[in-house]
file my_file-v7.csv (CSV, C-alpha atoms)
chain,number,residue,atom,x,y,z
A,94,MET,CA,-9.1,-7.2,24.3
A,95,ASN,CA,-6.9,-8.3,21.5
A,96,ALA,CA,-7.9,-11.6,20.1
A,97,LYS,CA,-5.3,-13.1,17.7
A,98,ALA,CA,-6.7,-14.1,14.4
A,99,SER,CA,-5.7,-17.4,12.8
A,100,VAL,CA,-6.5,-19.3,9.6
A,101,SER,CA,-8.8,-22.3,10.0
A,102,PRO,CA,-6.9,-25.2,8.4
A,103,GLU,CA,-10.0,-27.3,8.1
A,104,LYS,CA,-12.0,-24.8,6.1
A,105,GLY,CA,-9.2,-22.7,4.7
A,106,ARG,CA,-11.1,-19.6,5.6
A,107,TRP,CA,-10.4,-16.7,7.9
A,108,PRO,CA,-12.8,-17.0,10.8
A,109,GLU,CA,-14.7,-14.1,12.3
A,110,ARG,CA,-12.5,-12.2,14.7
A,111,ALA,CA,-13.3,-10.9,18.2
A,112,GLY,CA,-11.6,-7.7,17.3
A,113,ARG,CA,-10.0,-5.0,19.4
A,114,VAL,CA,-12.6,-3.1,21.4
A,115,LEU,CA,-11.5,0.4,22.1
A,116,PRO,CA,-13.2,2.9,24.4
A,117,ILE,CA,-14.1,6.4,23.1
A,118,PHE,CA,-13.9,9.2,25.7
A,119,THR,CA,-15.3,12.6,26.2
A,120,LYS,CA,-13.0,15.5,27.0
A,121,ASP,CA,-13.7,14.9,30.7
A,122,GLY,CA,-12.5,11.3,30.4
A,123,VAL,CA,-16.0,9.7,30.4
A,124,ILE,CA,-16.4,6.6,28.3
A,125,ILE,CA,-19.4,7.3,25.9
A,126,MET,CA,-19.1,4.2,23.7
A,127,PHE,CA,-17.0,1.3,22.6
A,128,HIS,CA,-15.6,0.8,19.1
A,129,LYS,CA,-14.5,-2.4,17.5
A,130,SER,CA,-11.5,-1.6,15.4
A,131,PRO,CA,-10.9,-3.6,12.1
A,132,LEU,CA,-8.1,-6.1,11.5
A,133,VAL,CA,-7.0,-4.3,8.3
A,134,SER,CA,-7.3,-0.7,7.1
A,135,VAL,CA,-6.9,-0.4,3.4
A,136,ILE,CA,-5.3,2.9,2.3
A,137,MET,CA,-6.8,4.0,-1.0
A,138,PRO,CA,-5.9,7.5,-2.3
A,139,THR,CA,-7.7,8.4,-5.5
A,140,TYR,CA,-7.7,11.1,-8.2
A,141,ASN,CA,-9.8,10.9,-11.3
A,142,CYS,CA,-10.1,7.1,-11.1
A,143,ALA,CA,-13.9,6.8,-11.7
A,144,ALA,CA,-13.3,4.3,-14.5
A,145,TYR,CA,-11.3,1.9,-12.2
A,146,ILE,CA,-12.1,2.5,-8.6
A,147,SER,CA,-15.1,0.1,-8.5
A,148,THR,CA,-13.0,-2.9,-9.5
A,149,SER,CA,-10.4,-2.0,-6.9
A,150,ILE,CA,-13.1,-1.8,-4.2
A,151,GLU,CA,-14.7,-5.0,-5.4
A,152,SER,CA,-11.3,-6.8,-5.0
A,153,VAL,CA,-11.4,-5.8,-1.3
A,154,ILE,CA,-15.0,-6.8,-0.8
A,155,SER,CA,-14.2,-10.2,-2.3
A,156,GLN,CA,-11.5,-10.9,0.3
A,157,THR,CA,-11.7,-14.1,2.3
A,158,VAL,CA,-10.8,-11.9,5.3
A,159,THR,CA,-13.9,-9.8,6.0
A,160,ASP,CA,-12.6,-7.8,9.0
A,161,TRP,CA,-11.5,-4.7,7.1
A,162,GLU,CA,-12.2,-1.1,6.4
A,163,ILE,CA,-11.3,1.1,3.4
A,164,GLN,CA,-10.1,4.6,3.9
A,165,ILE,CA,-10.7,6.4,0.5
A,166,VAL,CA,-9.2,9.9,0.3
A,167,ASP,CA,-10.0,11.8,-2.8
A,168,ASP,CA,-7.4,14.4,-4.0
A,169,CYS,CA,-10.1,16.6,-5.4
A,170,SER,CA,-11.1,14.5,-8.4
A,171,THR,CA,-12.7,16.4,-11.3
A,172,ASP,CA,-14.5,13.3,-12.8
A,173,ASN,CA,-17.5,11.5,-11.4
A,174,THR,CA,-15.6,9.6,-8.7
A,175,GLN,CA,-18.0,10.7,-5.9
A,176,SER,CA,-21.1,9.4,-7.8
A,177,VAL,CA,-19.4,6.1,-8.5
A,178,LEU,CA,-18.7,5.7,-4.8
A,179,GLN,CA,-22.2,6.5,-3.5
A,180,PRO,CA,-23.6,3.0,-3.8
A,181,TYR,CA,-20.7,1.5,-1.9
A,182,LEU,CA,-20.9,4.2,0.8
A,183,LYS,CA,-24.6,3.5,1.3
A,184,LYS,CA,-24.2,-0.3,1.5
A,185,TYR,CA,-20.9,-0.7,3.4
A,186,PRO,CA,-20.4,1.2,6.6
A,187,ASN,CA,-16.7,0.1,6.7
A,188,ILE,CA,-16.0,2.0,3.5
A,189,HIS,CA,-15.1,5.6,4.3
A,190,TYR,CA,-14.7,8.5,2.0
A,191,TYR,CA,-13.1,11.9,2.5
A,192,CYS,CA,-12.3,14.6,0.0
A,193,LEU,CA,-9.4,16.8,0.6
A,194,PRO,CA,-10.2,20.6,0.7
A,195,GLU,CA,-7.6,21.2,-2.0
A,196,ASN,CA,-5.5,19.1,-4.4
A,197,GLY,CA,-2.3,18.1,-2.6
A,198,GLY,CA,-1.0,15.1,-4.4
A,199,PRO,CA,-0.9,11.4,-3.5
A,200,ALA,CA,1.4,11.8,-0.5
A,201,VAL,CA,-1.1,14.1,1.2
A,202,ALA,CA,-4.0,11.8,0.4
A,203,ARG,CA,-2.1,8.7,1.7
A,204,THR,CA,-1.1,10.5,4.9
A,205,GLU,CA,-4.7,11.6,5.5
A,206,ALA,CA,-5.9,8.0,5.0
A,207,ILE,CA,-3.3,6.6,7.4
A,208,LYS,CA,-4.4,9.2,10.0
A,209,ARG,CA,-7.9,7.9,9.8
A,210,ALA,CA,-7.0,4.2,9.8
A,211,ALA,CA,-8.0,2.2,12.8
A,212,GLY,CA,-6.8,-1.3,11.8
A,213,LYS,CA,-4.0,-3.4,13.3
A,214,TYR,CA,-2.6,-3.8,9.8
A,215,ILE,CA,-2.2,-1.0,7.2
A,216,ALA,CA,-2.4,-2.3,3.6
A,217,PHE,CA,-2.1,-0.2,0.5
A,218,LEU,CA,-4.2,-0.4,-2.7
A,219,ASP,CA,-4.3,2.4,-5.3
A,220,SER,CA,-7.7,3.0,-6.9
A,221,ASP,CA,-6.7,1.4,-10.2
A,222,ASP,CA,-5.0,-1.8,-8.9
A,223,LEU,CA,-6.5,-5.1,-7.9
A,224,TRP,CA,-6.0,-7.8,-5.2
A,225,PHE,CA,-6.6,-11.5,-5.5
A,226,PRO,CA,-9.4,-12.7,-3.1
A,227,ASP,CA,-7.1,-14.5,-0.7
A,228,LYS,CA,-4.5,-11.7,-0.6
A,229,LEU,CA,-5.1,-10.5,3.0
A,230,GLU,CA,-5.6,-14.0,4.4
A,231,LYS,CA,-2.3,-15.3,3.0
A,232,GLN,CA,-0.3,-12.2,3.7
A,233,ILE,CA,-1.4,-11.9,7.3
A,234,SER,CA,-0.7,-15.6,7.9
A,235,PHE,CA,2.8,-15.1,6.3
A,236,MET,CA,3.4,-12.1,8.6
A,237,GLU,CA,2.4,-14.0,11.7
A,238,LYS,CA,4.6,-17.0,10.9
A,239,LYS,CA,7.5,-14.7,10.2
A,240,GLU,CA,6.7,-12.4,13.2
A,241,ALA,CA,7.1,-9.7,10.6
A,242,ALA,CA,6.0,-6.1,11.1
A,243,PHE,CA,6.4,-5.2,7.4
A,244,SER,CA,5.8,-7.4,4.3
A,245,CYS,CA,5.1,-7.4,0.6
A,246,THR,CA,4.2,-9.9,-2.1
A,247,ALA,CA,4.8,-10.6,-5.8
A,248,TYR,CA,2.3,-9.0,-8.2
A,249,ALA,CA,1.2,-9.4,-11.8
A,250,GLN,CA,0.9,-6.6,-14.4
A,251,MET,CA,-1.9,-5.6,-16.7
A,252,ASP,CA,-2.4,-2.8,-19.2
A,253,ALA,CA,-4.6,0.3,-18.9
A,254,ASP,CA,-7.6,-1.7,-20.1
A,255,GLY,CA,-7.2,-4.5,-17.7
A,256,ASN,CA,-5.6,-7.1,-20.1
A,257,SER,CA,-3.0,-9.3,-18.6
A,258,LEU,CA,0.6,-8.7,-19.7
A,259,HIS,CA,1.5,-12.2,-18.5
A,260,THR,CA,4.4,-11.0,-16.4
A,261,ALA,CA,4.9,-10.9,-12.6
A,262,LEU,CA,7.5,-9.2,-10.4
A,263,TYR,CA,8.8,-10.9,-7.3
A,264,PRO,CA,10.4,-9.0,-4.4
A,265,PRO,CA,13.5,-10.1,-2.5
A,266,GLU,CA,12.8,-12.4,0.4
A,267,GLN,CA,14.2,-9.7,2.7
A,268,THR,CA,14.7,-6.0,2.0
A,269,ASP,CA,16.4,-3.7,4.4
A,270,TYR,CA,16.9,0.1,4.1
A,271,LYS,CA,20.1,-0.1,2.1
A,272,ARG,CA,18.8,-2.8,-0.2
A,273,CYS,CA,15.6,-0.9,-0.8
A,274,ILE,CA,17.6,2.0,-2.1
A,275,ARG,CA,20.1,-0.1,-4.1
A,276,LEU,CA,17.2,-1.9,-5.9
A,277,SER,CA,15.3,1.4,-6.3
A,278,ASN,CA,12.2,0.2,-4.4
A,279,PRO,CA,11.5,-3.5,-5.0
A,280,ILE,CA,8.3,-3.2,-2.9
A,281,GLY,CA,5.1,-3.0,-4.9
A,282,ASN,CA,2.8,-0.5,-3.4
A,283,LEU,CA,-0.4,-2.6,-3.8
A,284,THR,CA,1.3,-5.5,-2.0
A,285,ALA,CA,2.8,-3.6,1.0
A,286,MET,CA,1.4,-4.2,4.5
A,287,TYR,CA,2.7,-3.2,7.9
A,288,ASP,CA,1.6,-3.7,11.5
A,289,GLN,CA,0.3,-0.4,12.8
A,290,GLU,CA,0.1,-1.7,16.4
A,291,ALA,CA,3.8,-2.4,16.3
A,292,LEU,CA,5.1,0.5,14.2
A,293,GLY,CA,2.5,3.3,14.6
A,294,LYS,CA,1.4,5.8,12.1
A,295,PHE,CA,3.6,7.4,9.4
A,296,ALA,CA,3.4,10.7,7.5
A,297,VAL,CA,4.2,10.1,3.8
A,298,PRO,CA,7.0,12.4,2.7
A,299,LEU,CA,5.8,15.3,0.6
A,300,ILE,CA,7.1,14.3,-2.8
A,301,LYS,CA,4.9,14.1,-5.9
A,302,LYS,CA,6.4,10.8,-7.3
A,303,ARG,CA,8.0,7.9,-5.5
A,304,ASN,CA,6.3,8.9,-2.3
A,305,ASP,CA,5.6,5.2,-1.7
A,306,PHE,CA,9.3,4.5,-1.9
A,307,ALA,CA,9.9,7.3,0.5
A,308,LEU,CA,7.4,5.8,2.9
A,309,TRP,CA,9.0,2.4,2.8
A,310,LEU,CA,12.3,4.0,3.8
A,311,GLN,CA,10.6,5.6,6.8
A,312,ILE,CA,9.2,2.2,7.8
A,313,LEU,CA,12.5,0.5,7.4
A,314,LYS,CA,14.0,2.9,9.9
A,315,LYS,CA,11.7,1.4,12.5
A,316,THR,CA,11.8,-2.3,11.6
A,317,PRO,CA,14.8,-4.0,10.0
A,318,TYR,CA,13.2,-5.8,7.1
A,319,CYS,CA,10.4,-6.0,4.7
A,320,TYR,CA,9.7,-9.7,4.2
A,321,GLY,CA,8.8,-10.6,0.6
A,322,MET,CA,6.2,-13.3,0.0
A,323,GLN,CA,7.0,-15.2,-3.1
A,324,GLU,CA,3.4,-15.5,-4.4
A,325,VAL,CA,1.4,-13.3,-6.8
A,326,LEU,CA,-1.5,-11.8,-4.8
A,327,GLY,CA,-2.4,-8.7,-6.8
A,328,THR,CA,-2.3,-6.9,-10.2
A,329,TYR,CA,-0.7,-3.6,-11.0
A,330,ARG,CA,-2.2,-1.4,-13.8
A,331,LEU,CA,0.4,0.0,-16.2
A,332,GLY,CA,0.2,3.0,-18.5
A,333,ARG,CA,-3.0,4.6,-17.2
A,334,LYS,CA,-3.3,8.1,-18.7
A,335,GLY,CA,-2.9,10.7,-16.0
A,336,SER,CA,-1.1,8.3,-13.6
A,337,VAL,CA,1.7,10.1,-11.7
A,338,SER,CA,4.0,7.1,-12.4
A,339,SER,CA,3.3,6.9,-16.1
A,340,ASN,CA,6.2,9.1,-17.3
A,341,LYS,CA,9.4,7.3,-16.2
A,342,LEU,CA,11.7,10.0,-17.7
A,343,LYS,CA,10.6,12.6,-15.2
A,344,GLN,CA,11.3,10.4,-12.2
A,345,ALA,CA,15.1,11.1,-11.9
A,346,LYS,CA,14.6,14.5,-10.3
A,347,TYR,CA,12.2,13.0,-7.8
A,348,HIS,CA,14.8,10.3,-6.9
A,349,TRP,CA,17.3,13.0,-6.4
A,350,GLN,CA,14.9,14.9,-4.2
A,351,LEU,CA,14.2,11.8,-2.2
A,352,TYR,CA,17.9,10.9,-1.6
A,353,ARG,CA,19.2,14.4,-1.1
A,354,GLN,CA,16.4,16.4,0.6
A,355,ILE,CA,14.1,13.8,2.3
A,356,GLU,CA,16.8,11.3,3.3
A,357,GLY,CA,19.5,13.9,3.8
A,358,HIS,CA,22.2,12.0,2.0
A,359,SER,CA,25.4,13.6,0.7
A,360,ARG,CA,25.8,14.6,-2.9
A,361,LEU,CA,28.2,11.7,-3.5
A,362,GLN,CA,25.9,9.2,-1.9
A,363,SER,CA,22.9,10.6,-3.7
A,364,LEU,CA,24.7,10.3,-7.1
A,365,TYR,CA,25.6,6.7,-6.3
A,366,GLU,CA,21.9,6.0,-5.4
A,367,LEU,CA,20.7,7.7,-8.6
A,368,GLY,CA,23.1,5.5,-10.5
A,369,CYS,CA,21.6,2.5,-8.9
A,370,TRP,CA,18.2,3.6,-10.1
A,371,VAL,CA,19.5,4.1,-13.7
A,372,LEU,CA,21.1,0.6,-13.6
A,373,VAL,CA,18.0,-1.1,-12.2
A,374,LYS,CA,15.7,0.6,-14.7
A,375,GLY,CA,17.9,-0.2,-17.6
A,376,THR,CA,18.8,-3.8,-16.7
A,377,HIS,CA,16.2,-4.9,-14.1
A,378,ILE,CA,19.1,-6.3,-12.1
A,379,GLY,CA,18.0,-7.6,-8.7
A,380,GLN,CA,14.4,-7.9,-9.8
A,381,LYS,CA,12.8,-11.3,-10.5
A,382,LYS,CA,10.4,-11.0,-13.5
A,383,LYS,CA,8.6,-14.1,-14.6
A,384,ARG,CA,6.2,-15.1,-17.3
A,385,ILE,CA,2.8,-16.1,-16.1
A,386,ARG,CA,-0.4,-17.3,-17.7
call {"tool": "encode", "arguments": {"input": "my_file-v7.csv", "output": "C-alpha cells"}}
result
Amino acid sequence: MNAKASVSPEKGRWPERAGRVLPIFTKDGVIIMFHKSPLVSVIMPTYNCAAYISTSIESVISQTVTDWEIQIVDDCSTDNTQSVLQPYLKKYPNIHYYCLPENGGPAVARTEAIKRAAGKYIAFLDSDDLWFPDKLEKQISFMEKKEAAFSCTAYAQMDADGNSLHTALYPPEQTDYKRCIRLSNPIGNLTAMYDQEALGKFAVPLIKKRNDFALWLQILKKTPYCYGMQEVLGTYRLGRKGSVSSNKLKQAKYHWQLYRQIEGHSRLQSLYELGCWVLVKGTHIGQKKKRIR
C-alpha cells in the first residue's frame, strides 16, 4: 500500500505514516518477509569528515519528519569517521553505513548511496552541512502542493568553524535544463530532493567536481523543472580544508568536462556555457543573495 503523508494543520507536525510495505522474495519467487520502506532516503557521502559528520546526522535526527533513513557511504576515509559513527549505528537501525572498497570520489559514493536508498524521496546532505529541523516537512509539503518531482530550497552559509556568515542564497522559482546551465547550477546540493517513485534511480556522472551539477542535469532530462522554495532550510559549510569544492580556480576544467564530455555539447556551445559560468562566478548574476541574521 502507499499511504499519502500529509501535514497536520492542528499540530503543525508530520504524523506517523503507514509507509509502503514491500515484499521481499527468494530466487524462487517465495515471499519471505515484508519491508516497510521509509518516506525519505538521505544520501550522505563522506570522506574525512569525522569532525563534522555528527552535527550533520543530528540535523537529520532532529527532523519533524521521523520516517527517514540515512545512507552513509564512506569514500575510504583515513580519519576516525568509523569510530564517530559507531554510536549512531548501534542506536539507530535506520542509519546505514557502507565503506567503498577503494577511494572513488564523491560521484561514486553518491551513486552507491542512491543504489541503496529505499525511500519515496531522495534528499541530499553532505557530511559537513546542516538542515533546519523542519526542512523535510516543509519541502515535502511544498512538493505535494506543486505536484513537483524535483525541488530545492534557499540555504544559509557558514564558515569552516560553523560560524554564520549572515548570508543566504535563493534559487530561481523554476529551473529547467537550460537555465541550470546558464546559471551554472543554482541548486544547492544540501537542499535538493527528488521523487524516486516518479523518476527512478540515477547514476551520478563520474566527474570529481561538479558532479552534483551533472546529476541535476540528468534529473532535468526526466522532469521539466526543479521548483525552488523561497525559504532557508539548511546551512552550507564554506572553506573546509580538503573539500573538493574549496578551490574554485580548478573548477573550469571540470565544467568543460561536464559540458563537452558528459553532456556531449559542441565546442562552441561548451565555450558559451563556460562563459556563463565565468560571468555567474564573477557577478553573481541570476543569483539572489540576501543578508540574514
call {"tool": "closest_residue", "arguments": {"input": "my_file-v7.csv", "among": "A:Lys213, A:Lys382, A:Lys239, A:His377", "to": "Gly321 (chain A)", "atoms": "only C-alpha atoms"}}
result
A:Lys239
call {"tool": "closest_residue", "arguments": {"input": "my_file-v7.csv", "among": "A:Ala143, A:Val373, A:Cys245, A:Ile355", "to": "Asn304 (chain A)", "atoms": "only C-alpha atoms"}}
result
A:Ile355
call {"tool": "atom_distance", "arguments": {"input": "my_file-v7.csv", "atom1": "CA of Ile188 (chain A)", "atom2": "CA of Gln164 (chain A)"}}
result
6.5 Å
call {"tool": "closest_residue", "arguments": {"input": "my_file-v7.csv", "among": "A:Thr139, A:Asn187, A:Thr204, A:Gln179", "to": "Ile165 (chain A)", "atoms": "all atoms listed in the file"}}
result
A:Thr139
call {"tool": "residues_around", "arguments": {"input": "my_file-v7.csv", "residues": "Ser277 (chain A)", "least_positions_apart": "5", "cutoff": "12 Å", "atoms": "all atoms listed in the file", "output": "number ranges by chain"}}
result
A: 264, 268-272, 303, 305-307, 309-310, 344-345, 348-349, 351-352, 365-375, 377-380
call {"tool": "closest_residue", "arguments": {"input": "my_file-v7.csv", "among": "A:Cys142, A:Ala261, A:Ala247, A:Leu132", "to": "Leu178 (chain A)", "atoms": "all atoms listed in the file"}}
result
A:Cys142
call {"tool": "closest_residue", "arguments": {"input": "my_file-v7.csv", "among": "A:Pro186, A:Thr316, A:Pro138, A:Ala200", "to": "Ser170 (chain A)", "atoms": "all atoms listed in the file"}}
result
A:Pro138
call {"tool": "atom_distance", "arguments": {"input": "my_file-v7.csv", "atom1": "CA of Thr284 (chain A)", "atom2": "CA of Glu205 (chain A)"}}
result
19.6 Å
call {"tool": "closest_residue", "arguments": {"input": "my_file-v7.csv", "among": "A:Tyr287, A:Tyr320, A:Tyr329, A:Trp161", "to": "Gly255 (chain A)", "atoms": "all atoms listed in the file"}}
result
A:Tyr329
call {"tool": "atom_distance", "arguments": {"input": "my_file-v7.csv", "atom1": "CA of Phe235 (chain A)", "atom2": "CA of Pro131 (chain A)"}}
result
18.8 Å
call {"tool": "residues_around", "arguments": {"input": "my_file-v7.csv", "residues": "region 222-228 of chain A", "least_positions_apart": "3", "cutoff": "10 Å", "atoms": "all atoms listed in the file", "output": "CSV table (one decimal) with C-alpha atoms, in the coordinates of the input"}}
result
chain,number,residue,atom,x,y,z
A,106,ARG,CA,-11.1,-19.6,5.6
A,107,TRP,CA,-10.4,-16.7,7.9
A,137,MET,CA,-6.8,4.0,-1.0
A,145,TYR,CA,-11.3,1.9,-12.2
A,146,ILE,CA,-12.1,2.5,-8.6
A,148,THR,CA,-13.0,-2.9,-9.5
A,149,SER,CA,-10.4,-2.0,-6.9
A,150,ILE,CA,-13.1,-1.8,-4.2
A,151,GLU,CA,-14.7,-5.0,-5.4
A,152,SER,CA,-11.3,-6.8,-5.0
A,153,VAL,CA,-11.4,-5.8,-1.3
A,154,ILE,CA,-15.0,-6.8,-0.8
A,155,SER,CA,-14.2,-10.2,-2.3
A,156,GLN,CA,-11.5,-10.9,0.3
A,157,THR,CA,-11.7,-14.1,2.3
A,158,VAL,CA,-10.8,-11.9,5.3
A,217,PHE,CA,-2.1,-0.2,0.5
A,218,LEU,CA,-4.2,-0.4,-2.7
A,219,ASP,CA,-4.3,2.4,-5.3
A,231,LYS,CA,-2.3,-15.3,3.0
A,232,GLN,CA,-0.3,-12.2,3.7
A,233,ILE,CA,-1.4,-11.9,7.3
A,246,THR,CA,4.2,-9.9,-2.1
A,248,TYR,CA,2.3,-9.0,-8.2
A,249,ALA,CA,1.2,-9.4,-11.8
A,250,GLN,CA,0.9,-6.6,-14.4
A,251,MET,CA,-1.9,-5.6,-16.7
A,255,GLY,CA,-7.2,-4.5,-17.7
A,282,ASN,CA,2.8,-0.5,-3.4
A,283,LEU,CA,-0.4,-2.6,-3.8
A,284,THR,CA,1.3,-5.5,-2.0
A,324,GLU,CA,3.4,-15.5,-4.4
A,325,VAL,CA,1.4,-13.3,-6.8
A,326,LEU,CA,-1.5,-11.8,-4.8
A,327,GLY,CA,-2.4,-8.7,-6.8
A,328,THR,CA,-2.3,-6.9,-10.2
A,329,TYR,CA,-0.7,-3.6,-11.0
A,330,ARG,CA,-2.2,-1.4,-13.8
A,331,LEU,CA,0.4,0.0,-16.2
call {"tool": "residues_near_point", "arguments": {"input": "my_file-v7.csv", "point": "(-14.2, 17.8, 4.0)", "cutoff": "12 Å", "atoms": "all atoms listed in the file", "output": "MDAnalysis selection string"}}
result
chainID A and resid 166:169 190:195 205
call {"tool": "write_last_selection", "arguments": {"input": "my_file-v7.csv", "atoms": "C-alpha atoms", "output": "short mmCIF file (atom, residue, chain, number, x, y, z; two decimals), keeping the file's coordinate frame"}}
result
data_model
loop_
_atom_site.label_atom_id
_atom_site.label_comp_id
_atom_site.auth_asym_id
_atom_site.auth_seq_id
_atom_site.Cartn_x
_atom_site.Cartn_y
_atom_site.Cartn_z
CA VAL A 166 -9.20 9.90 0.30
CA ASP A 167 -10.00 11.80 -2.80
CA ASP A 168 -7.40 14.40 -4.00
CA CYS A 169 -10.10 16.60 -5.40
CA TYR A 190 -14.70 8.50 2.00
CA TYR A 191 -13.10 11.90 2.50
CA CYS A 192 -12.30 14.60 0.00
CA LEU A 193 -9.40 16.80 0.60
CA PRO A 194 -10.20 20.60 0.70
CA GLU A 195 -7.60 21.20 -2.00
CA GLU A 205 -4.70 11.60 5.50
#
call {"tool": "residues_around", "arguments": {"input": "my_file-v7.csv", "residues": "Leu308 (chain A)", "least_positions_apart": "5", "cutoff": "8 Å", "atoms": "all atoms listed in the file", "output": "list in words"}}
result
Phe295, Ala296, Val297 and Pro298 of chain A
call {"tool": "decode", "arguments": {"input": "my_file-v7.csv", "residues": "region 199-246 of chain A", "atoms": "C-alpha atoms", "output": "PDB file, in the first residue's frame"}}
result
ATOM      1  CA  PRO A 199      32.136  11.715  -4.311  1.00  0.00           C
ATOM      2  CA  ALA A 200      30.300  10.726  -7.508  1.00  0.00           C
ATOM      3  CA  VAL A 201      30.925   7.021  -6.830  1.00  0.00           C
ATOM      4  CA  ALA A 202      29.899   7.412  -3.184  1.00  0.00           C
ATOM      5  CA  ARG A 203      26.681   9.239  -4.103  1.00  0.00           C
ATOM      6  CA  THR A 204      25.748   6.644  -6.704  1.00  0.00           C
ATOM      7  CA  GLU A 205      26.294   3.809  -4.227  1.00  0.00           C
ATOM      8  CA  ALA A 206      24.101   5.563  -1.664  1.00  0.00           C
ATOM      9  CA  ILE A 207      21.340   6.103  -4.243  1.00  0.00           C
ATOM     10  CA  LYS A 208      21.514   2.407  -5.181  1.00  0.00           C
ATOM     11  CA  ARG A 209      20.873   1.505  -1.546  1.00  0.00           C
ATOM     12  CA  ALA A 210      18.126   4.085  -0.975  1.00  0.00           C
ATOM     13  CA  ALA A 211      14.594   2.740  -0.450  1.00  0.00           C
ATOM     14  CA  GLY A 212      12.660   5.963   0.180  1.00  0.00           C
ATOM     15  CA  LYS A 213       9.992   7.589  -1.917  1.00  0.00           C
ATOM     16  CA  TYR A 214      12.008  10.794  -1.783  1.00  0.00           C
ATOM     17  CA  ILE A 215      15.767  11.105  -2.252  1.00  0.00           C
ATOM     18  CA  ALA A 216      17.328  14.017  -0.355  1.00  0.00           C
ATOM     19  CA  PHE A 217      20.975  15.048  -0.360  1.00  0.00           C
ATOM     20  CA  LEU A 218      23.085  16.150   2.595  1.00  0.00           C
ATOM     21  CA  ASP A 219      26.874  16.193   2.597  1.00  0.00           C
ATOM     22  CA  SER A 220      28.551  15.192   5.831  1.00  0.00           C
ATOM     23  CA  ASP A 221      29.597  18.728   6.777  1.00  0.00           C
ATOM     24  CA  ASP A 222      26.323  20.588   6.058  1.00  0.00           C
ATOM     25  CA  LEU A 223      23.199  21.032   8.186  1.00  0.00           C
ATOM     26  CA  TRP A 224      19.415  21.006   7.851  1.00  0.00           C
ATOM     27  CA  PHE A 225      16.913  23.045   9.823  1.00  0.00           C
ATOM     28  CA  PRO A 226      14.560  20.793  11.885  1.00  0.00           C
ATOM     29  CA  ASP A 227      11.506  21.375   9.666  1.00  0.00           C
ATOM     30  CA  LYS A 228      13.364  21.059   6.354  1.00  0.00           C
ATOM     31  CA  LEU A 229      11.862  17.755   5.250  1.00  0.00           C
ATOM     32  CA  GLU A 230       8.368  18.592   6.476  1.00  0.00           C
ATOM     33  CA  LYS A 231       8.190  21.907   4.655  1.00  0.00           C
ATOM     34  CA  GLN A 232       9.865  20.731   1.467  1.00  0.00           C
ATOM     35  CA  ILE A 233       7.715  17.621   1.056  1.00  0.00           C
ATOM     36  CA  SER A 234       4.577  19.699   1.666  1.00  0.00           C
ATOM     37  CA  PHE A 235       5.841  22.179  -0.964  1.00  0.00           C
ATOM     38  CA  MET A 236       6.422  19.364  -3.458  1.00  0.00           C
ATOM     39  CA  GLU A 237       2.974  17.886  -2.884  1.00  0.00           C
ATOM     40  CA  LYS A 238       1.286  21.255  -3.395  1.00  0.00           C
ATOM     41  CA  LYS A 239       3.288  21.894  -6.569  1.00  0.00           C
ATOM     42  CA  GLU A 240       2.993  18.264  -7.715  1.00  0.00           C
ATOM     43  CA  ALA A 241       6.734  18.539  -8.219  1.00  0.00           C
ATOM     44  CA  ALA A 242       9.104  15.632  -8.762  1.00  0.00           C
ATOM     45  CA  PHE A 243      12.222  17.731  -8.123  1.00  0.00           C
ATOM     46  CA  SER A 244      12.764  20.674  -5.780  1.00  0.00           C
ATOM     47  CA  CYS A 245      15.306  22.727  -3.863  1.00  0.00           C
ATOM     48  CA  THR A 246      15.281  25.477  -1.244  1.00  0.00           C
TER      49      THR A 246
END
